[in-house]
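K.L.:
Take this structure, written in structure tokens, and hold onto it; I'll ask about it next.
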Amino acid sequence: MIHLNHLPNCSPNEKIIHFLRRHPITLIGLIISYIGILVLPLILYWYLHTYQIWILQDPVWLPIIVLAGSFLFLFVWLFLFQHFMDYYLDIWVVTTERVLNIEQIGLFSRHISELRLYQIQDVTSNVTGAIKTLLDYGNVEIQTAGEKARFLFEEVPHPSRIAKSVIELSEIDRKKHLDEAVEGFT
Amino acid sequence: MFPLLWLLVAWLILMALFGILTLITVSLNFRYAPAGMTTYVTTLVFLLVVVGVFVLTIPYLVTVDWSQSINLFGDLGPRI
């Protein structure tokens with residue numbers, strides 16, 4: 001497990017400022033669709049019980065229904081848990097010295113990238129759409145110098161507040177690492 | 001016509017696959033998730049539901065006569 005007190009390559013005075021995941025509302029559509037699939041066997045059972053009761057009393061068909069029902073339920077439940085994990089294991093951590101992007105893609109792919117705060121050149125928050133505006137969640141884009149890849153916090157809560165905080169932290173860190181930053185830009 | 005037992009064997013193979021996938025999923029969750037109550041609680045809920053389904057299913061499956069055969073087309077239709 002990841003212990004937040006012991007992040008990889010952590011320096012002694014480093015403190016976690018933000019620990020971010022996508023807004024939980026982004027899971028709602030997925031959960032509703034999975035619950036729909038899980039409820040289907042119950043609807044089928046109700047239908048059979050009401051209109052085709054002989055199937056539920058048949059010594060051949062009932063075992064088939066039980067096998068198929070348990071198979072469907074277990075695999076849908078497993079896929080739902082895996083999707084939850086995909087949400088749960090995607091993490092962005094902002095500390096007093098760096099930004100960590102930890103991303104789980106499926107079961108067997110995991111990306112961890114790191115960005116020093118003094119390297120940050122531009123931070124943009126982006127909230128588009130009625131629901132995102134009402135619930136105050138959106139993207140935060142962090143741009144670094146040169147051709148280095150940008151960082152994207154996807155659908156995180158309070159993006160403008162996060163963006164402002166990252167800018168402030170990067171300015172503080174840049175003052176500390178002024179010489180290194182100048183070296184990096186040239 | 002084919003024996004009902006074939007379906008049980010197919011189900012057992014699929015459940016073995018399910019077991020392997022569950023093992024991988026849970027081990028990845030414990031390896032990469034942040035340490036905390038949420039990780040333990042969600043994994044426990046997931047596993048409890050899985051155990052619950054097996055606890056409900058297996059006692060019934062034990063009572064079934066698997067030597068019967070099934071005729072997919074002939075067995076369909078209301079019994080009078």
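Residue numbering restarts at 1 in every chain; chains get A, B, ... in the order shown in the structure tokens, and ligands count up from 1 in that same order.
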May I have a table of the residues of stretch 87-136 of chain A lying at most 10 Å from stretch 6-30 of chain B, giving each one's closest pair of atoms and their distance in Å to one decimal, counting only C-alpha atoms, ordered by chain and ascending residue number, as a Markdown table?
P.N.:
```
| residue | atom | partner | partner_atom | distance |
| --- | --- | --- | --- | --- |
| A:Tyr88 | CA | B:Asn29 | CA | 9.0 |
| A:Leu89 | CA | B:Asn29 | CA | 7.9 |
| A:Leu107 | CA | B:Thr25 | CA | 7.1 |
| A:Phe108 | CA | B:Leu28 | CA | 8.9 |
```
K.L.:
Keeping only C-alpha atoms, take the residues you just selected and write them out as an mmCIF file, in the first residue's frame.
P.N.:
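Final file, selection_31.cif:
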```cif
data_model
loop_
_atom_site.group_PDB
_atom_site.id
_atom_site.type_symbol
_atom_site.label_atom_id
_atom_site.label_comp_id
_atom_site.auth_asym_id
_atom_site.auth_seq_id
_atom_site.Cartn_x
_atom_site.Cartn_y
_atom_site.Cartn_z
ATOM 1 C CA TYR A 88 -9.635 4.855 -6.533
ATOM 2 C CA LEU A 89 -6.067 4.250 -7.713
ATOM 3 C CA LEU A 107 -5.315 -4.144 -14.220
ATOM 4 C CA PHE A 108 -1.805 -4.310 -15.578
#
```
K.L.:
Could you list, as a list in words, every residue of chain A that has an atom within 8 Å of an atom of chain B, counting only C-alpha atoms?
P.N.:
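In the required form, that comes to Met1, Ile2, His3, Leu4, Gln52, Trp54, Ile55, Pro59, Val60, Pro63, Ile64, Val66, Leu67, Ser70, Phe71, Leu74, Phe75, Trp77, Leu78, Phe81, Gln82, Met85, Tyr88, Leu89 and Leu107 of chain A.
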K.L.:
For a test of reading the model, state the distance in Å between atom CA of A:Ala130 and atom CA of A:Tyr87, rounded to one decimal.
P.N.:
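Separating atom CA of A:Ala130 from atom CA of A:Tyr87 is a distance of 22.4 Å.
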K.L.:
At a cut-off of 10 Å, using only C-alpha atoms, what residues contact stretch 163-177 of chain A? Leave out same-chain residues fewer than 6 positions from it and give the result as a PyMOL selection string.
P.N.:
chain A and resi 17-18+94-99+116-126+139-142+153+183
K.L.:
In Å, how far is it from atom CA of A:Leu30 to atom CA of A:Arg150?
P.N.:
27.7 Å
K.L.:
My list of candidates is A:Thr133, A:Thr26, A:Ser113, A:Thr144. Which is closest to A:Asp86 when distances are computed with only C-alpha atoms?
P.N.:
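Between A:Thr133, A:Thr26, A:Ser113, A:Thr144, the residue approaching A:Asp86 most closely is A:Thr26.
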